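**Student:** Contents are mmCIF, C-alpha atoms; file name query.cif:
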data_work
#
loop_
_atom_site.label_atom_id
_atom_site.label_comp_id
_atom_site.auth_asym_id
_atom_site.auth_seq_id
_atom_site.Cartn_x
_atom_site.Cartn_y
_atom_site.Cartn_z
CA MET A 1 -22.38 6.23 -8.35
CA LYS A 2 -18.93 4.79 -8.83
CA ASN A 3 -16.08 6.66 -10.48
CA VAL A 4 -16.62 7.16 -14.21
CA GLN A 5 -14.12 8.06 -16.91
CA ILE A 6 -15.49 9.51 -20.14
CA ILE A 7 -13.84 10.40 -23.44
CA LEU A 8 -15.60 12.75 -25.86
CA ALA A 9 -13.99 12.77 -29.30
CA GLY A 10 -14.73 14.53 -32.53
CA ILE A 11 -13.62 17.39 -34.71
CA GLY A 12 -13.82 21.14 -34.33
CA GLY A 13 -17.35 22.51 -34.49
CA GLN A 14 -19.09 19.36 -33.22
CA GLY A 15 -19.73 20.66 -29.73
CA ILE A 16 -17.24 18.49 -27.86
CA LEU A 17 -16.51 21.18 -25.30
CA PHE A 18 -20.21 21.96 -24.77
CA SER A 19 -20.93 18.25 -24.34
CA SER A 20 -18.10 17.97 -21.83
CA ARG A 21 -19.46 20.97 -19.94
CA LEU A 22 -22.95 19.42 -19.90
CA ILE A 23 -21.72 16.19 -18.31
CA ALA A 24 -19.32 17.98 -15.94
CA GLU A 25 -22.10 20.27 -14.71
CA TRP A 26 -24.33 17.25 -14.16
CA GLY A 27 -21.53 15.70 -12.09
CA LEU A 28 -21.10 18.85 -10.00
CA ARG A 29 -24.82 19.04 -9.30
CA SER A 30 -24.71 15.36 -8.33
CA GLY A 31 -22.05 16.16 -5.72
CA LEU A 32 -19.19 14.47 -7.57
CA ASP A 33 -15.61 15.61 -7.88
CA ILE A 34 -14.81 16.53 -11.49
CA MET A 35 -11.52 16.48 -13.38
CA GLY A 36 -11.09 17.21 -17.03
CA SER A 37 -8.61 17.77 -19.78
CA GLU A 38 -9.07 18.89 -23.38
CA THR A 39 -6.97 18.57 -26.50
CA HIS A 40 -7.58 20.86 -29.46
CA GLY A 41 -5.78 20.03 -32.71
CA MET A 42 -6.51 22.77 -35.23
CA SER A 43 -10.09 22.56 -34.02
CA GLN A 44 -11.21 25.62 -35.95
CA ARG A 45 -10.17 23.89 -39.16
CA GLY A 46 -11.96 20.63 -38.48
CA GLY A 47 -9.09 19.07 -36.55
CA SER A 48 -9.38 16.61 -33.67
CA VAL A 49 -10.89 17.70 -30.38
CA THR A 50 -10.85 15.34 -27.42
CA ALA A 51 -12.10 15.88 -23.89
CA HIS A 52 -11.21 13.62 -20.96
CA LEU A 53 -13.71 13.84 -18.13
CA LYS A 54 -13.48 12.07 -14.79
CA LEU A 55 -16.40 11.99 -12.37
CA GLY A 56 -15.55 10.84 -8.86
CA SER A 57 -12.34 10.45 -6.94
CA PHE A 58 -9.26 10.62 -9.17
CA ARG A 59 -5.72 12.00 -8.97
CA SER A 60 -5.07 12.93 -12.61
CA PRO A 61 -7.32 14.43 -15.32
CA VAL A 62 -5.89 12.39 -18.21
CA ILE A 63 -7.48 9.05 -19.03
CA ARG A 64 -5.00 6.29 -19.85
CA GLU A 65 -5.54 3.79 -22.65
CA GLU A 66 -7.95 0.95 -21.84
CA THR A 67 -9.39 2.66 -18.76
CA ALA A 68 -12.34 4.75 -20.01
CA ASP A 69 -15.82 3.58 -19.10
CA ILE A 70 -17.60 5.54 -21.83
CA LEU A 71 -16.58 6.92 -25.21
CA TYR A 72 -18.72 9.40 -27.08
CA SER A 73 -17.44 9.72 -30.62
CA PHE A 74 -19.04 12.32 -32.83
CA GLU A 75 -17.05 11.51 -35.99
CA GLU A 76 -16.15 8.16 -37.60
CA ASN A 77 -12.37 8.60 -37.90
CA GLU A 78 -12.20 9.89 -34.34
CA THR A 79 -13.95 6.70 -33.25
CA TYR A 80 -11.12 4.61 -34.66
CA LYS A 81 -8.52 6.86 -33.02
CA SER A 82 -10.22 6.87 -29.62
CA LEU A 83 -11.24 3.23 -29.19
CA LYS A 84 -7.87 2.55 -27.55
CA PHE A 85 -9.14 4.38 -24.45
CA ILE A 86 -12.09 2.09 -23.70
CA LYS A 87 -11.61 -0.59 -21.10
CA SER A 88 -12.90 -4.14 -21.50
CA GLY A 89 -16.58 -4.02 -20.62
CA GLY A 90 -16.83 -0.31 -21.50
CA ILE A 91 -19.34 1.45 -23.75
CA CYS A 92 -18.93 3.36 -27.00
CA PHE A 93 -21.58 5.59 -28.54
CA ALA A 94 -20.61 6.45 -32.11
CA ASN A 95 -22.20 8.89 -34.50
CA LEU A 96 -22.42 6.63 -37.55
CA GLU A 97 -25.00 6.07 -40.25
CA ASN A 98 -24.91 2.41 -39.34
CA GLU A 99 -22.62 -0.15 -37.78
CA ASN A 100 -22.09 -1.91 -41.12
CA ARG A 101 -19.92 1.01 -42.27
CA PHE A 102 -17.48 0.22 -39.50
CA ASP A 103 -14.48 -2.07 -40.05
CA ARG A 104 -15.53 -5.66 -39.29
CA LYS A 105 -12.15 -6.54 -37.73
CA VAL A 106 -12.52 -3.66 -35.28
CA LEU A 107 -16.07 -4.73 -34.42
CA ASP A 108 -14.80 -8.27 -33.76
CA LEU A 109 -12.12 -6.90 -31.45
CA LEU A 110 -14.69 -4.82 -29.56
CA GLU A 111 -16.81 -7.93 -29.15
CA GLN A 112 -13.83 -9.88 -27.80
CA LYS A 113 -13.19 -7.12 -25.26
CA GLU A 114 -16.91 -7.10 -24.35
CA ILE A 115 -17.23 -3.45 -25.30
CA THR A 116 -20.81 -2.38 -25.92
CA PHE A 117 -20.79 -0.56 -29.27
CA ARG A 118 -23.86 1.49 -30.07
CA THR A 119 -24.21 3.52 -33.23
CA PHE A 120 -26.73 6.17 -34.03
CA ASP A 121 -26.90 8.52 -37.01
CA ALA A 122 -26.93 11.66 -34.90
CA SER A 123 -25.67 13.81 -37.79
CA GLY A 124 -28.38 12.58 -40.14
CA THR A 125 -31.01 13.14 -37.46
CA ALA A 126 -29.67 16.64 -36.76
CA LEU A 127 -29.89 17.41 -40.47
CA LYS A 128 -33.53 16.30 -40.52
CA ILE A 129 -34.44 18.71 -37.73
CA GLY A 130 -32.55 21.52 -39.45
CA SER A 131 -29.75 21.85 -36.92
CA VAL A 132 -26.52 20.15 -37.96
CA MET A 133 -24.88 21.54 -34.81
CA SER A 134 -27.18 19.43 -32.59
CA ALA A 135 -25.67 16.02 -33.36
CA ASN A 136 -23.74 16.08 -30.07
CA ILE A 137 -26.88 16.63 -28.01
CA ILE A 138 -28.76 13.99 -30.02
CA LEU A 139 -26.04 11.39 -29.37
CA ILE A 140 -25.96 12.19 -25.65
CA GLY A 141 -29.76 11.99 -25.50
CA TYR A 142 -29.55 8.65 -27.30
CA SER A 143 -27.10 7.34 -24.71
CA VAL A 144 -29.39 8.36 -21.87
CA GLY A 145 -32.29 6.62 -23.58
CA THR A 146 -30.36 3.33 -23.71
CA GLY A 147 -30.06 3.30 -19.93
CA LEU A 148 -26.37 2.34 -20.21
CA VAL A 149 -25.02 5.59 -18.75
CA PRO A 150 -25.26 6.93 -15.19
CA PHE A 151 -27.19 10.05 -16.21
CA GLU A 152 -30.92 10.33 -15.63
CA TYR A 153 -33.09 12.00 -18.26
CA ASP A 154 -34.63 14.67 -16.01
CA ASP A 155 -31.34 15.60 -14.35
CA LEU A 156 -29.42 15.99 -17.61
CA LYS A 157 -32.30 17.87 -19.23
CA THR A 158 -32.33 20.34 -16.32
CA VAL A 159 -28.59 20.94 -16.73
CA LEU A 160 -29.03 21.34 -20.50
CA GLU A 161 -31.70 23.97 -19.88
CA SER A 162 -29.44 25.88 -17.51
CA ILE A 163 -26.26 25.99 -19.62
CA THR A 164 -27.76 26.51 -23.09
CA LYS A 165 -28.01 30.03 -24.47
CA LYS A 166 -31.62 31.12 -24.95
CA ALA A 167 -31.19 31.32 -28.72
CA HIS A 168 -30.39 27.57 -28.85
CA LEU A 169 -32.53 26.26 -26.01
CA GLU A 170 -35.55 25.09 -27.99
CA THR A 171 -33.35 23.31 -30.55
CA ASN A 172 -31.15 21.64 -27.91
CA LEU A 173 -34.14 20.39 -25.94
CA LYS A 174 -35.74 19.03 -29.10
CA ALA A 175 -32.46 17.33 -30.09
CA PHE A 176 -32.05 15.80 -26.63
CA GLU A 177 -35.63 14.49 -26.67
CA ILE A 178 -35.27 12.98 -30.16
CA GLY A 179 -32.05 11.22 -29.20
CA TYR A 180 -33.53 10.00 -25.93
CA LYS A 181 -36.59 8.51 -27.64
CA ALA A 182 -34.40 6.81 -30.26
CA GLY A 183 -32.26 5.27 -27.49
CA ARG A 184 -35.35 3.89 -25.77
CA GLY A 185 -36.75 2.45 -29.00
#
Would it be possible to restate this file's structure as structure tokens?

**Tutor:**
Amino acid sequence: MKNVQIILAGIGGQGILFSSRLIAEWGLRSGLDIMGSETHGMSQRGGSVTAHLKLGSFRSPVIREETADILYSFEENETYKSLKFIKSGGICFANLENENRFDRKVLDLLEQKEITFRTFDASGTALKIGSVMSANIILIGYSVGTGLVPFEYDDLKTVLESITKKAHLETNLKAFEIGYKAGRG
């Protein structure tokens, strides 16, 4: 696997740090060097939370604008704020009801920069399974299902099983599976 730079963006309570840990642990188990940085802006009051995660050989943990390979955005406004990090040809997975909600001018710009923009209503799906807190895992599962990310289903599922507290394991595995199947469909 080549070097990969990932931004995870959302607001406090959306599981950004858990998601970052999930991907970082996968990287460690895959024998990759890992670097990361997190920004918490009043996260306990619904403020911005951003994690920068680098898998591979890098010198600095912070991802510069227009260099990220993958953006996971768990909240619509954070998507707008974080798009500046994606490089031309990168990928964005956004937790949105549908792409039509998103500003058309921004979508046109993403198209010009050849950025793959995939939306999935992870929050709505999480609500349907009775676990609003699972939207992060659903969106990551969705991304794996698309085949556009370097993570394999079985490998990431194994890591998820190992880092999830027993009380949340069944829900997280169900959320991951639902997202994965939606990404494949």

**Student:** Wanna dump the segment 62-154 of chain A-segment 9-24 of chain A contacts at 12 Å for me, each residue with its shortest atom pair and the distance in Å to one decimal, counting all atoms listed in the file, ordered by chain and number, as a Markdown table?

**Tutor:**
| residue | atom | partner | partner_atom | distance |
| --- | --- | --- | --- | --- |
| A:Ile70 | CA | A:Ala9 | CA | 11.0 |
| A:Leu71 | CA | A:Ala9 | CA | 7.6 |
| A:Tyr72 | CA | A:Ala9 | CA | 6.2 |
| A:Ser73 | CA | A:Ala9 | CA | 4.8 |
| A:Phe74 | CA | A:Gly10 | CA | 4.9 |
| A:Glu75 | CA | A:Gly10 | CA | 5.1 |
| A:Glu76 | CA | A:Gly10 | CA | 8.3 |
| A:Asn77 | CA | A:Gly10 | CA | 8.3 |
| A:Glu78 | CA | A:Gly10 | CA | 5.6 |
| A:Thr79 | CA | A:Ala9 | CA | 7.2 |
| A:Tyr80 | CA | A:Ala9 | CA | 10.2 |
| A:Lys81 | CA | A:Ala9 | CA | 8.9 |
| A:Ser82 | CA | A:Ala9 | CA | 7.0 |
| A:Leu83 | CA | A:Ala9 | CA | 9.9 |
| A:Phe85 | CA | A:Ala9 | CA | 10.8 |
| A:Cys92 | CA | A:Ala9 | CA | 10.9 |
| A:Phe93 | CA | A:Ala9 | CA | 10.5 |
| A:Ala94 | CA | A:Ala9 | CA | 9.6 |
| A:Asn95 | CA | A:Gly10 | CA | 9.6 |
| A:Ala122 | CA | A:Gln14 | CA | 11.1 |
| A:Ser123 | CA | A:Gln14 | CA | 9.7 |
| A:Ala126 | CA | A:Gln14 | CA | 11.5 |
| A:Ser131 | CA | A:Gln14 | CA | 11.6 |
| A:Val132 | CA | A:Gln14 | CA | 8.8 |
| A:Met133 | CA | A:Gln14 | CA | 6.4 |
| A:Ser134 | CA | A:Gly15 | CA | 8.1 |
| A:Ala135 | CA | A:Gln14 | CA | 7.4 |
| A:Asn136 | CA | A:Gly15 | CA | 6.1 |
| A:Ile137 | CA | A:Ser19 | CA | 7.2 |
| A:Ile138 | CA | A:Ser19 | CA | 10.6 |
| A:Leu139 | CA | A:Ser19 | CA | 9.9 |
| A:Ile140 | CA | A:Ser19 | CA | 8.0 |
| A:Gly141 | CA | A:Ser19 | CA | 10.9 |
| A:Val144 | CA | A:Ile23 | CA | 11.5 |
| A:Val149 | CA | A:Ile23 | CA | 11.1 |
| A:Pro150 | CA | A:Ile23 | CA | 10.4 |
| A:Phe151 | CA | A:Ile23 | CA | 8.5 |
| A:Glu152 | CA | A:Ile23 | CA | 11.2 |

**Student:** Grab the atom CA of Phe117 of chain A to atom CA of Phe58 of chain A distance for me, in Å with one decimal place.

**Tutor:** 25.7 Å

**Student:** May I have the residues within 7 Å of Ser37 of chain A as a ChimeraX atom specification, using only C-alpha atoms and disregarding those fewer than 5 positions away in the same chain?

**Tutor:** /A:51-53,61-62

**Student:** Rank nothing, just name the residue among A:Ser30, A:Asn3, A:Thr119, A:Thr39 nearest to Leu156 of chain A, using all atoms listed in the file.

**Tutor:** A:Ser30

**Student:** Convert the output of the PyMOL selection byres ((chain A and resi 97-104) around 8) on the shown file into explicit residues, formatted as an MDAnalysis selection string.

**Tutor:** chainID A and resid 95:96 105:108 118:122 124

**Student:** Take the PyMOL selection byres ((chain A and resi 88) around 10), apply it to the structure above, and return the hits as a list in words.

**Tutor:**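 When the PyMOL selection byres ((chain A and resi 88) around 10) is applied, the selected residues are Glu66, Thr67, Ala68, Asp69, Phe85, Ile86, Lys87, Gly89, Gly90, Ile91, Leu110, Glu111, Gln112, Lys113, Glu114, Ile115 and Thr116 of chain A.
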
**Student:** Point out the residue among A:Thr146, A:Asn172, A:Ile129, A:Ala182 with the least atom-to-atom distance to Leu160 of chain A, counting all atoms listed in the file.

**Tutor:**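 Result for the nearest residue to Leu160 of chain A: A:Asn172.
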
**Student:** What is the distance between atom CA of Ser143 of chain A and atom CA of Arg64 of chain A, in Å to one decimal?

**Tutor:**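 A separation of 22.7 Å between them.
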
**Student:** Using the chain letters and numbers from the file, give me the residues hit by the PyMOL selection byres ((chain A and resi 161) around 12), as a PDB file with C-alpha atoms, in the frame of the given file.

**Tutor:**
ATOM      1  CA  LEU A  22     -22.950  19.420 -19.900  1.00  0.00           C
ATOM      2  CA  GLU A  25     -22.100  20.270 -14.710  1.00  0.00           C
ATOM      3  CA  TRP A  26     -24.330  17.250 -14.160  1.00  0.00           C
ATOM      4  CA  ILE A 137     -26.880  16.630 -28.010  1.00  0.00           C
ATOM      5  CA  ASP A 154     -34.630  14.670 -16.010  1.00  0.00           C
ATOM      6  CA  ASP A 155     -31.340  15.600 -14.350  1.00  0.00           C
ATOM      7  CA  LEU A 156     -29.420  15.990 -17.610  1.00  0.00           C
ATOM      8  CA  LYS A 157     -32.300  17.870 -19.230  1.00  0.00           C
ATOM      9  CA  THR A 158     -32.330  20.340 -16.320  1.00  0.00           C
ATOM     10  CA  VAL A 159     -28.590  20.940 -16.730  1.00  0.00           C
ATOM     11  CA  LEU A 160     -29.030  21.340 -20.500  1.00  0.00           C
ATOM     12  CA  SER A 162     -29.440  25.880 -17.510  1.00  0.00           C
ATOM     13  CA  ILE A 163     -26.260  25.990 -19.620  1.00  0.00           C
ATOM     14  CA  THR A 164     -27.760  26.510 -23.090  1.00  0.00           C
ATOM     15  CA  LYS A 165     -28.010  30.030 -24.470  1.00  0.00           C
ATOM     16  CA  LYS A 166     -31.620  31.120 -24.950  1.00  0.00           C
ATOM     17  CA  ALA A 167     -31.190  31.320 -28.720  1.00  0.00           C
ATOM     18  CA  HIS A 168     -30.390  27.570 -28.850  1.00  0.00           C
ATOM     19  CA  LEU A 169     -32.530  26.260 -26.010  1.00  0.00           C
ATOM     20  CA  GLU A 170     -35.550  25.090 -27.990  1.00  0.00           C
ATOM     21  CA  THR A 171     -33.350  23.310 -30.550  1.00  0.00           C
ATOM     22  CA  ASN A 172     -31.150  21.640 -27.910  1.00  0.00           C
ATOM     23  CA  LEU A 173     -34.140  20.390 -25.940  1.00  0.00           C
ATOM     24  CA  LYS A 174     -35.740  19.030 -29.100  1.00  0.00           C
ATOM     25  CA  PHE A 176     -32.050  15.800 -26.630  1.00  0.00           C
TER      26      PHE A 176
END

**Student:** Between atom CA of Ile34 of chain A and atom CA of Leu55 of chain A, what distance in Å does the model show, to one decimal?

**Tutor:**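 About the pair atom CA of Ile34 of chain A and atom CA of Leu55 of chain A: they are 4.9 Å apart.
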
**Student:** So, counting all atoms listed in the file, which residue among A:Val49, A:Ile63, A:Leu127, A:Val4 is closest to Gly27 of chain A?

**Tutor:**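 Of all the options, A:Val4 lies closest to Gly27 of chain A.
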